[in-house]
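A short write-up of the structure that comes next.
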Amino acid sequence: MFTRENDLDKPMIPVRMRSSGQGVLSTQVVPRSLVLRAFFQRPLQTGAVMASGAALSRSLVTLGRVDRAALVVELGSGTGVVTRHILESCAQGTQLISLELDSQLAQETRSRCPRAVVVNEDAQKVREVIERFGHTACDSIVSCIPWANISPSRQRDMLDAVDSVLRSGGSFVTFAYVHSARLPNARHFYRELCARYPGVETSDVIWANVPPAVVYRVTKV
Ligand SMILES: C[S@@+](CC[C@H](N)C(=O)[O-])C[C@H]1O[C@@H](n2cnc3c(N)ncnc32)[C@H](O)[C@@H]1O
């Protein structure tokens with residue numbers, strides 16, 4: 001078990017990182033109907049019936065250290081709530097590239113967050129996408145991909161893609177809903193993270209989110 005509170009630059013909410021989690025609520029600020037529509041059309045891919053709340057979004061951007069990044073990559077932007085928080089937290093010169101598989105949701109992110117480069121593409125193609133914009137690596141990856149719904153082999157391929165673009169010293173953050181964290185694919189994802197990175201930090205449970213969630217962070221050596 002370890003804690004890295006001191007690594008965090010002025011977190012906007014109290015967040016303690018440890019090896020197993022608990023901790024924060026919010027108002028969902030997005031057009032829920034779009035998320036619901038996406039969920040009914042492709043439940044496994046969408047992985048949620050409502051957008052992430054402010055508390056979870058803030059945890060992701062704080063723990064993802066987006067304020068120090070020159071390039072941030074977001075995976076699974078949905079309607080753009082986390083995207084908006086990333087843009088509010090990063091420096092003016094920081095570039096944000098967001099990948100979203102659902103074309104309607106990608107369009108929604110684009111219109112809500114015109115400063116982000118939003119690409120309607122599979123997260124697995126992240127290297128190809130950032131290369132299209134002249135980059136080979138990024139400093140921070142904020143992922144909202146619903147790992148609990150993704151098979152182990154696809155998880156491995158996606159994590160290979162993530163690792164291939166994450167700069168040494170860079171952060172990869174993602175979240176798991178508490179109610180599904182014990183599902184086989186969710187457990188596999190956590191084990192896979194542990195196998196690939198020296199320390200997987202887990203936030204307190206963010207009870208304020210609907211549903212409650214924990215954030216995982218790994219830092220590339
Ligand atoms: C749980 S929702 C999160 C949406 C939003 N970021 C939020 O926090 O409210 C997951 C999002 O990931 C997208 N997604 C799922 N698999 C993906 C993939 N392989 N590549 C890109 N986006 C993906 C879904 O379409 C959905 O919008």
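Naming scheme: A, B, ... for chains in displayed order of the structure tokens; residues 1 onward per chain; ligands 1 onward as shown.
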
Considering only C-alpha atoms, return as a ChimeraX atom specification whatever protein or nucleic-acid residues lie within 7 Å of range 183-186 of chain A, sequence-local ones (same chain, fewer than 3 positions apart) excluded. /A:147-152,180,189-190

Go ahead and write the residues just picked, N, CA and C atoms, as an mmCIF file, in the first residue's frame.
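Dumped to result-v7.cif:
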data_model
loop_
_atom_site.group_PDB
_atom_site.id
_atom_site.type_symbol
_atom_site.label_atom_id
_atom_site.label_comp_id
_atom_site.auth_asym_id
_atom_site.auth_seq_id
_atom_site.Cartn_x
_atom_site.Cartn_y
_atom_site.Cartn_z
ATOM 1 N N TRP A 147 -13.845 -0.556 -19.199
ATOM 2 C CA TRP A 147 -12.994 -1.759 -19.233
ATOM 3 C C TRP A 147 -13.731 -3.012 -18.794
ATOM 4 N N ALA A 148 -14.701 -2.878 -17.888
ATOM 5 C CA ALA A 148 -15.413 -4.063 -17.370
ATOM 6 C C ALA A 148 -16.194 -4.772 -18.467
ATOM 7 N N ASN A 149 -16.417 -4.073 -19.591
ATOM 8 C CA ASN A 149 -17.195 -4.669 -20.688
ATOM 9 C C ASN A 149 -16.308 -5.120 -21.835
ATOM 10 N N ILE A 150 -15.011 -5.088 -21.604
ATOM 11 C CA ILE A 150 -14.082 -5.373 -22.708
ATOM 12 C C ILE A 150 -13.309 -6.659 -22.431
ATOM 13 N N SER A 151 -13.193 -7.508 -23.448
ATOM 14 C CA SER A 151 -12.550 -8.813 -23.263
ATOM 15 C C SER A 151 -11.076 -8.640 -22.914
ATOM 16 N N PRO A 152 -10.506 -9.647 -22.217
ATOM 17 C CA PRO A 152 -9.086 -9.559 -21.854
ATOM 18 C C PRO A 152 -8.160 -9.327 -23.038
ATOM 19 N N SER A 180 -19.178 -2.687 -10.427
ATOM 20 C CA SER A 180 -18.734 -3.658 -11.428
ATOM 21 C C SER A 180 -17.251 -4.002 -11.309
ATOM 22 N N PHE A 189 -8.629 -6.378 -15.953
ATOM 23 C CA PHE A 189 -8.043 -5.075 -16.304
ATOM 24 C C PHE A 189 -7.105 -4.599 -15.200
ATOM 25 N N TYR A 190 -7.569 -4.717 -13.950
ATOM 26 C CA TYR A 190 -6.751 -4.259 -12.823
ATOM 27 C C TYR A 190 -5.453 -5.081 -12.740
#

Which residues of chain A have any atom within 8 Å of an atom in ligand 1 when counting only C-alpha atoms and all ligand atoms, and what is the closest pair of atoms for each, with the distance in Å to one decimal? Order the rows by chain and rising number and write it as CSV.
residue,atom,partner,partner_atom_place_in_ligand_line,distance
A:Val35,CA,ligand 1,27 (O),7.5
A:Ala38,CA,ligand 1,25 (O),7.3
A:Leu44,CA,ligand 1,15 (C),7.9
A:Gln45,CA,ligand 1,15 (C),4.5
A:Thr46,CA,ligand 1,24 (C),4.1
A:Gly47,CA,ligand 1,1 (C),4.6
A:Ala48,CA,ligand 1,1 (C),4.6
A:Val49,CA,ligand 1,1 (C),7.9
A:Met50,CA,ligand 1,9 (O),6.6
A:Ala51,CA,ligand 1,9 (O),3.3
A:Ser52,CA,ligand 1,9 (O),3.8
A:Gly53,CA,ligand 1,9 (O),7.3
A:Ser57,CA,ligand 1,8 (O),7.0
A:Leu75,CA,ligand 1,21 (C),5.5
A:Gly76,CA,ligand 1,12 (O),3.3
A:Ser77,CA,ligand 1,6 (N),3.9
A:Gly78,CA,ligand 1,27 (O),3.3
A:Thr79,CA,ligand 1,5 (C),5.9
A:Gly80,CA,ligand 1,5 (C),6.1
A:Val81,CA,ligand 1,9 (O),5.8
A:Val82,CA,ligand 1,6 (N),5.5
A:Thr83,CA,ligand 1,6 (N),7.2
A:Leu99,CA,ligand 1,21 (C),5.3
A:Glu100,CA,ligand 1,22 (N),3.9
A:Leu101,CA,ligand 1,22 (N),4.1
A:Asp102,CA,ligand 1,25 (O),4.8
A:Leu105,CA,ligand 1,27 (O),6.3
A:Ala106,CA,ligand 1,27 (O),8.0
A:Asn120,CA,ligand 1,21 (C),7.6
A:Glu121,CA,ligand 1,21 (C),6.0
A:Asp122,CA,ligand 1,20 (N),3.7
A:Ala123,CA,ligand 1,20 (N),3.7
A:Gln124,CA,ligand 1,19 (N),6.2
A:Ser143,CA,ligand 1,6 (N),7.5
A:Cys144,CA,ligand 1,3 (C),4.9
A:Ile145,CA,ligand 1,12 (O),4.5
A:Pro146,CA,ligand 1,1 (C),5.4
A:Met158,CA,ligand 1,19 (N),7.8

If you keep N, CA and C atoms, can you produce a file of those selected residues as a short mmCIF file (atom, residue, chain, number, x, y, z; two decimals), in the first residue's frame?
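Here's the written file part-v4.cif:
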data_model
loop_
_atom_site.label_atom_id
_atom_site.label_comp_id
_atom_site.auth_asym_id
_atom_site.auth_seq_id
_atom_site.Cartn_x
_atom_site.Cartn_y
_atom_site.Cartn_z
N VAL A 35 -26.56 10.21 -23.81
CA VAL A 35 -25.86 9.08 -23.20
C VAL A 35 -26.81 7.88 -23.15
N ALA A 38 -27.16 6.37 -26.55
CA ALA A 38 -25.98 5.57 -26.88
C ALA A 38 -26.01 4.27 -26.10
N LEU A 44 -22.71 -2.16 -24.09
CA LEU A 44 -21.37 -2.56 -23.63
C LEU A 44 -20.34 -1.50 -24.01
N GLN A 45 -20.46 -0.98 -25.19
CA GLN A 45 -19.51 0.06 -25.63
C GLN A 45 -19.68 1.34 -24.83
N THR A 46 -20.92 1.71 -24.54
CA THR A 46 -21.17 2.98 -23.83
C THR A 46 -20.82 2.84 -22.35
N GLY A 47 -21.27 1.75 -21.75
CA GLY A 47 -20.83 1.44 -20.40
C GLY A 47 -21.41 2.31 -19.29
N ALA A 48 -22.34 3.21 -19.61
CA ALA A 48 -22.92 4.09 -18.58
C ALA A 48 -24.25 4.61 -19.09
N VAL A 49 -25.15 4.92 -18.14
CA VAL A 49 -26.44 5.49 -18.55
C VAL A 49 -26.45 7.01 -18.35
N MET A 50 -25.46 7.49 -17.65
CA MET A 50 -25.34 8.94 -17.52
C MET A 50 -23.87 9.34 -17.53
N ALA A 51 -23.65 10.60 -17.86
CA ALA A 51 -22.27 11.09 -17.96
C ALA A 51 -21.62 11.15 -16.58
N SER A 52 -20.30 11.16 -16.57
CA SER A 52 -19.57 11.29 -15.31
C SER A 52 -19.92 12.62 -14.64
N GLY A 53 -19.98 12.58 -13.31
CA GLY A 53 -20.27 13.81 -12.57
C GLY A 53 -19.01 14.66 -12.38
N SER A 57 -14.98 13.72 -12.65
CA SER A 57 -14.24 14.44 -13.70
C SER A 57 -13.05 15.17 -13.11
N LEU A 75 -9.54 9.22 -23.89
CA LEU A 75 -10.13 8.07 -24.58
C LEU A 75 -11.57 7.89 -24.13
N GLY A 76 -12.52 7.94 -25.05
CA GLY A 76 -13.93 7.77 -24.71
C GLY A 76 -14.51 9.05 -24.14
N SER A 77 -14.61 10.10 -24.96
CA SER A 77 -15.03 11.41 -24.45
C SER A 77 -16.53 11.49 -24.21
N GLY A 78 -17.30 10.59 -24.80
CA GLY A 78 -18.76 10.64 -24.60
C GLY A 78 -19.30 12.00 -25.01
N THR A 79 -20.07 12.63 -24.11
CA THR A 79 -20.67 13.93 -24.42
C THR A 79 -19.75 15.10 -24.09
N GLY A 80 -18.57 14.80 -23.55
CA GLY A 80 -17.58 15.86 -23.37
C GLY A 80 -17.48 16.48 -21.98
N VAL A 81 -18.06 15.81 -20.97
CA VAL A 81 -17.97 16.40 -19.62
C VAL A 81 -16.54 16.39 -19.09
N VAL A 82 -15.89 15.25 -19.21
CA VAL A 82 -14.51 15.18 -18.71
C VAL A 82 -13.63 16.06 -19.61
N THR A 83 -13.92 16.07 -20.88
CA THR A 83 -13.19 16.91 -21.84
C THR A 83 -13.18 18.37 -21.37
N LEU A 99 -10.51 10.88 -28.33
CA LEU A 99 -11.00 9.85 -29.23
C LEU A 99 -12.33 9.34 -28.72
N GLU A 100 -13.30 9.22 -29.60
CA GLU A 100 -14.62 8.72 -29.21
C GLU A 100 -15.16 7.86 -30.36
N LEU A 101 -15.56 6.64 -30.01
CA LEU A 101 -15.97 5.66 -31.02
C LEU A 101 -17.35 5.96 -31.60
N ASP A 102 -18.22 6.56 -30.82
CA ASP A 102 -19.59 6.83 -31.27
C ASP A 102 -19.61 8.19 -31.97
N LEU A 105 -21.70 11.00 -30.36
CA LEU A 105 -21.10 11.52 -29.12
C LEU A 105 -19.85 12.34 -29.44
N ALA A 106 -19.08 11.87 -30.44
CA ALA A 106 -17.89 12.63 -30.85
C ALA A 106 -18.32 14.03 -31.30
N ASN A 120 -13.33 10.80 -34.22
CA ASN A 120 -14.26 9.67 -34.12
C ASN A 120 -13.49 8.40 -34.51
N GLU A 121 -12.81 7.85 -33.51
CA GLU A 121 -11.91 6.72 -33.79
C GLU A 121 -11.81 5.82 -32.57
N ASP A 122 -11.42 4.59 -32.83
CA ASP A 122 -11.21 3.60 -31.76
C ASP A 122 -9.95 3.96 -30.97
N ALA A 123 -10.06 3.87 -29.63
CA ALA A 123 -8.92 4.17 -28.76
C ALA A 123 -7.70 3.33 -29.10
N GLN A 124 -7.94 2.16 -29.65
CA GLN A 124 -6.82 1.28 -29.99
C GLN A 124 -5.94 1.91 -31.08
N SER A 143 -8.60 8.15 -19.50
CA SER A 143 -9.46 7.18 -20.18
C SER A 143 -10.78 6.97 -19.45
N CYS A 144 -11.87 7.00 -20.22
CA CYS A 144 -13.20 6.70 -19.67
C CYS A 144 -13.75 5.44 -20.33
N ILE A 145 -12.86 4.64 -20.89
CA ILE A 145 -13.27 3.40 -21.58
C ILE A 145 -13.88 2.45 -20.54
N PRO A 146 -15.00 1.81 -20.87
CA PRO A 146 -15.64 0.88 -19.91
C PRO A 146 -14.95 -0.49 -19.91
N MET A 158 -5.50 -2.79 -26.27
CA MET A 158 -5.71 -1.36 -26.03
C MET A 158 -4.65 -0.80 -25.09
#

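DSSP, applied to the backbone of this structure, assigns strand (DSSP E or B) to the following residues of range 121-206 of chain A: Cys138, Asp139, Ser140, Ile141, Val142, Ser143, Leu166, Arg167, Ser168, Gly169, Gly170, Ser171, Phe172, Val173, Thr174, Phe175, Ala176, Tyr177, Glu201, Thr202, Ser203, Val205 and Ile206 of chain A.
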
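Reported to one decimal place, the separation of CA of Pro114 in chain A from CA of Phe40 in chain A is 27.0 Å.
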
Contacts of range 160-177 of chain A at 9 Å or less, counting only C-alpha atoms, minus same-chain residues fewer than 5 places along, as a PDB file with N, CA and C atoms, in the first residue's frame?
ATOM      1  N   LEU A  56     -16.065  13.081 -10.154  1.00  0.00           N
ATOM      2  CA  LEU A  56     -15.244  12.089 -10.860  1.00  0.00           C
ATOM      3  C   LEU A  56     -14.396  12.782 -11.926  1.00  0.00           C
ATOM      4  N   LEU A  60     -10.274  12.782 -12.156  1.00  0.00           N
ATOM      5  CA  LEU A  60      -9.537  12.305 -13.329  1.00  0.00           C
ATOM      6  C   LEU A  60      -8.515  13.343 -13.798  1.00  0.00           C
ATOM      7  N   VAL A  61      -8.932  14.631 -13.849  1.00  0.00           N
ATOM      8  CA  VAL A  61      -7.990  15.630 -14.365  1.00  0.00           C
ATOM      9  C   VAL A  61      -6.884  15.935 -13.362  1.00  0.00           C
ATOM     10  N   LEU A  63      -5.717  13.843 -10.879  1.00  0.00           N
ATOM     11  CA  LEU A  63      -4.814  12.699 -10.767  1.00  0.00           C
ATOM     12  C   LEU A  63      -4.084  12.443 -12.083  1.00  0.00           C
ATOM     13  N   GLY A  64      -4.679  12.836 -13.185  1.00  0.00           N
ATOM     14  CA  GLY A  64      -4.035  12.680 -14.495  1.00  0.00           C
ATOM     15  C   GLY A  64      -2.993  13.747 -14.769  1.00  0.00           C
ATOM     16  N   ARG A  65      -2.838  14.667 -13.846  1.00  0.00           N
ATOM     17  CA  ARG A  65      -1.819  15.730 -13.927  1.00  0.00           C
ATOM     18  C   ARG A  65      -1.867  16.469 -15.274  1.00  0.00           C
ATOM     19  N   VAL A  66      -3.077  16.785 -15.690  1.00  0.00           N
ATOM     20  CA  VAL A  66      -3.196  17.433 -17.002  1.00  0.00           C
ATOM     21  C   VAL A  66      -2.622  18.849 -17.000  1.00  0.00           C
ATOM     22  N   ALA A  69       0.824  18.902 -18.520  1.00  0.00           N
ATOM     23  CA  ALA A  69       1.001  18.215 -19.795  1.00  0.00           C
ATOM     24  C   ALA A  69       1.039  19.170 -20.980  1.00  0.00           C
ATOM     25  N   ALA A 123     -10.059   3.867 -29.629  1.00  0.00           N
ATOM     26  CA  ALA A 123      -8.922   4.174 -28.757  1.00  0.00           C
ATOM     27  C   ALA A 123      -7.699   3.327 -29.102  1.00  0.00           C
ATOM     28  N   GLN A 124      -7.944   2.160 -29.648  1.00  0.00           N
ATOM     29  CA  GLN A 124      -6.819   1.281 -29.995  1.00  0.00           C
ATOM     30  C   GLN A 124      -5.937   1.906 -31.081  1.00  0.00           C
ATOM     31  N   LYS A 125      -6.483   2.862 -31.799  1.00  0.00           N
ATOM     32  CA  LYS A 125      -5.712   3.495 -32.888  1.00  0.00           C
ATOM     33  C   LYS A 125      -5.073   4.796 -32.416  1.00  0.00           C
ATOM     34  N   VAL A 126      -4.872   4.923 -31.106  1.00  0.00           N
ATOM     35  CA  VAL A 126      -4.396   6.194 -30.560  1.00  0.00           C
ATOM     36  C   VAL A 126      -3.064   6.650 -31.166  1.00  0.00           C
ATOM     37  N   ARG A 127      -2.167   5.678 -31.414  1.00  0.00           N
ATOM     38  CA  ARG A 127      -0.860   6.072 -31.969  1.00  0.00           C
ATOM     39  C   ARG A 127      -1.042   6.709 -33.342  1.00  0.00           C
ATOM     40  N   ILE A 130      -2.586  10.248 -32.983  1.00  0.00           N
ATOM     41  CA  ILE A 130      -1.736  11.379 -32.548  1.00  0.00           C
ATOM     42  C   ILE A 130      -0.653  11.673 -33.593  1.00  0.00           C
ATOM     43  N   HIS A 135       2.391  14.184 -33.457  1.00  0.00           N
ATOM     44  CA  HIS A 135       2.944  13.776 -32.167  1.00  0.00           C
ATOM     45  C   HIS A 135       3.320  12.292 -32.194  1.00  0.00           C
ATOM     46  N   THR A 136       4.286  11.946 -31.330  1.00  0.00           N
ATOM     47  CA  THR A 136       4.603  10.527 -31.180  1.00  0.00           C
ATOM     48  C   THR A 136       4.318  10.071 -29.749  1.00  0.00           C
ATOM     49  N   ALA A 137       4.180  10.999 -28.821  1.00  0.00           N
ATOM     50  CA  ALA A 137       3.953  10.629 -27.420  1.00  0.00           C
ATOM     51  C   ALA A 137       3.182  11.734 -26.717  1.00  0.00           C
ATOM     52  N   CYS A 138       2.540  11.347 -25.598  1.00  0.00           N
ATOM     53  CA  CYS A 138       1.795  12.350 -24.817  1.00  0.00           C
ATOM     54  C   CYS A 138       2.185  12.225 -23.349  1.00  0.00           C
ATOM     55  N   ASP A 139       1.805  13.218 -22.566  1.00  0.00           N
ATOM     56  CA  ASP A 139       2.194  13.272 -21.150  1.00  0.00           C
ATOM     57  C   ASP A 139       1.115  12.729 -20.228  1.00  0.00           C
ATOM     58  N   SER A 140      -0.111  12.737 -20.700  1.00  0.00           N
ATOM     59  CA  SER A 140      -1.226  12.346 -19.842  1.00  0.00           C
ATOM     60  C   SER A 140      -2.316  11.698 -20.694  1.00  0.00           C
ATOM     61  N   ILE A 141      -2.796  10.543 -20.217  1.00  0.00           N
ATOM     62  CA  ILE A 141      -3.925   9.898 -20.903  1.00  0.00           C
ATOM     63  C   ILE A 141      -5.051   9.747 -19.890  1.00  0.00           C
ATOM     64  N   VAL A 142      -6.197  10.313 -20.222  1.00  0.00           N
ATOM     65  CA  VAL A 142      -7.378  10.226 -19.363  1.00  0.00           C
ATOM     66  C   VAL A 142      -8.366   9.311 -20.086  1.00  0.00           C
ATOM     67  N   SER A 143      -8.597   8.147 -19.502  1.00  0.00           N
ATOM     68  CA  SER A 143      -9.457   7.178 -20.178  1.00  0.00           C
ATOM     69  C   SER A 143     -10.776   6.974 -19.449  1.00  0.00           C
ATOM     70  N   CYS A 144     -11.867   7.000 -20.216  1.00  0.00           N
ATOM     71  CA  CYS A 144     -13.203   6.700 -19.671  1.00  0.00           C
ATOM     72  C   CYS A 144     -13.747   5.436 -20.334  1.00  0.00           C
ATOM     73  N   ILE A 145     -12.863   4.637 -20.892  1.00  0.00           N
ATOM     74  CA  ILE A 145     -13.274   3.405 -21.575  1.00  0.00           C
ATOM     75  C   ILE A 145     -13.879   2.446 -20.544  1.00  0.00           C
ATOM     76  N   PRO A 146     -15.003   1.815 -20.870  1.00  0.00           N
ATOM     77  CA  PRO A 146     -15.641   0.879 -19.913  1.00  0.00           C
ATOM     78  C   PRO A 146     -14.952  -0.494 -19.915  1.00  0.00           C
ATOM     79  N   TRP A 147     -13.845  -0.556 -19.199  1.00  0.00           N
ATOM     80  CA  TRP A 147     -12.994  -1.759 -19.233  1.00  0.00           C
ATOM     81  C   TRP A 147     -13.731  -3.012 -18.794  1.00  0.00           C
ATOM     82  N   ALA A 148     -14.701  -2.878 -17.888  1.00  0.00           N
ATOM     83  CA  ALA A 148     -15.413  -4.063 -17.370  1.00  0.00           C
ATOM     84  C   ALA A 148     -16.194  -4.772 -18.467  1.00  0.00           C
ATOM     85  N   GLN A 155      -8.493  -5.797 -24.111  1.00  0.00           N
ATOM     86  CA  GLN A 155      -7.875  -4.923 -23.089  1.00  0.00           C
ATOM     87  C   GLN A 155      -6.372  -4.859 -23.305  1.00  0.00           C
ATOM     88  N   ALA A 186     -13.282  -6.661 -15.323  1.00  0.00           N
ATOM     89  CA  ALA A 186     -12.770  -5.534 -14.533  1.00  0.00           C
ATOM     90  C   ALA A 186     -11.565  -5.987 -13.716  1.00  0.00           C
ATOM     91  N   VAL A 210     -22.552   9.095  -9.733  1.00  0.00           N
ATOM     92  CA  VAL A 210     -23.637   8.122  -9.929  1.00  0.00           C
ATOM     93  C   VAL A 210     -23.301   7.327 -11.195  1.00  0.00           C
ATOM     94  N   PRO A 211     -22.924   6.055 -11.052  1.00  0.00           N
ATOM     95  CA  PRO A 211     -22.707   5.335  -9.803  1.00  0.00           C
ATOM     96  C   PRO A 211     -21.326   5.638  -9.218  1.00  0.00           C
ATOM     97  N   PRO A 212     -21.116   5.327  -7.924  1.00  0.00           N
ATOM     98  CA  PRO A 212     -19.811   5.555  -7.296  1.00  0.00           C
ATOM     99  C   PRO A 212     -18.675   4.861  -8.068  1.00  0.00           C
ATOM    100  N   ALA A 213     -17.526   5.517  -8.039  1.00  0.00           N
ATOM    101  CA  ALA A 213     -16.411   5.008  -8.852  1.00  0.00           C
ATOM    102  C   ALA A 213     -15.089   5.239  -8.137  1.00  0.00           C
ATOM    103  N   VAL A 214     -14.074   4.510  -8.572  1.00  0.00           N
ATOM    104  CA  VAL A 214     -12.704   4.792  -8.116  1.00  0.00           C
ATOM    105  C   VAL A 214     -11.857   5.108  -9.344  1.00  0.00           C
ATOM    106  N   VAL A 215     -10.832   5.924  -9.112  1.00  0.00           N
ATOM    107  CA  VAL A 215      -9.910   6.266 -10.199  1.00  0.00           C
ATOM    108  C   VAL A 215      -8.617   5.479  -9.995  1.00  0.00           C
ATOM    109  N   TYR A 216      -8.097   4.910 -11.065  1.00  0.00           N
ATOM    110  CA  TYR A 216      -6.788   4.261 -11.041  1.00  0.00           C
ATOM    111  C   TYR A 216      -5.799   5.170 -11.757  1.00  0.00           C
ATOM    112  N   ARG A 217      -4.588   5.222 -11.187  1.00  0.00           N
ATOM    113  CA  ARG A 217      -3.523   5.964 -11.881  1.00  0.00           C
ATOM    114  C   ARG A 217      -2.263   5.115 -11.940  1.00  0.00           C
ATOM    115  N   VAL A 218      -1.645   5.115 -13.113  1.00  0.00           N
ATOM    116  CA  VAL A 218      -0.306   4.532 -13.213  1.00  0.00           C
ATOM    117  C   VAL A 218       0.603   5.591 -13.833  1.00  0.00           C
ATOM    118  N   THR A 219       1.868   5.482 -13.487  1.00  0.00           N
ATOM    119  CA  THR A 219       2.846   6.422 -14.025  1.00  0.00           C
ATOM    120  C   THR A 219       3.888   5.595 -14.766  1.00  0.00           C
ATOM    121  N   LYS A 220       4.168   5.963 -15.991  1.00  0.00           N
ATOM    122  CA  LYS A 220       5.142   5.193 -16.780  1.00  0.00           C
ATOM    123  C   LYS A 220       6.560   5.523 -16.330  1.00  0.00           C
ATOM    124  N   VAL A 221       7.313   4.474 -16.082  1.00  0.00           N
ATOM    125  CA  VAL A 221       8.696   4.683 -15.616  1.00  0.00           C
ATOM    126  C   VAL A 221       9.562   5.192 -16.760  1.00  0.00           C
TER     127      VAL A 221
END

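Here the residues within range 41-101 of chain A that DSSP labels alpha helix (DSSP H) on the basis of the backbone are Gln41, Pro43, Leu44, Gln45, Thr46, Ala54, Ala55, Leu56, Ser57, Arg58, Ser59, Leu60, Val61, Thr62, Leu63, Val81, Val82, Thr83, Arg84, His85, Ile86, Leu87, Glu88 and Ser89 of chain A.
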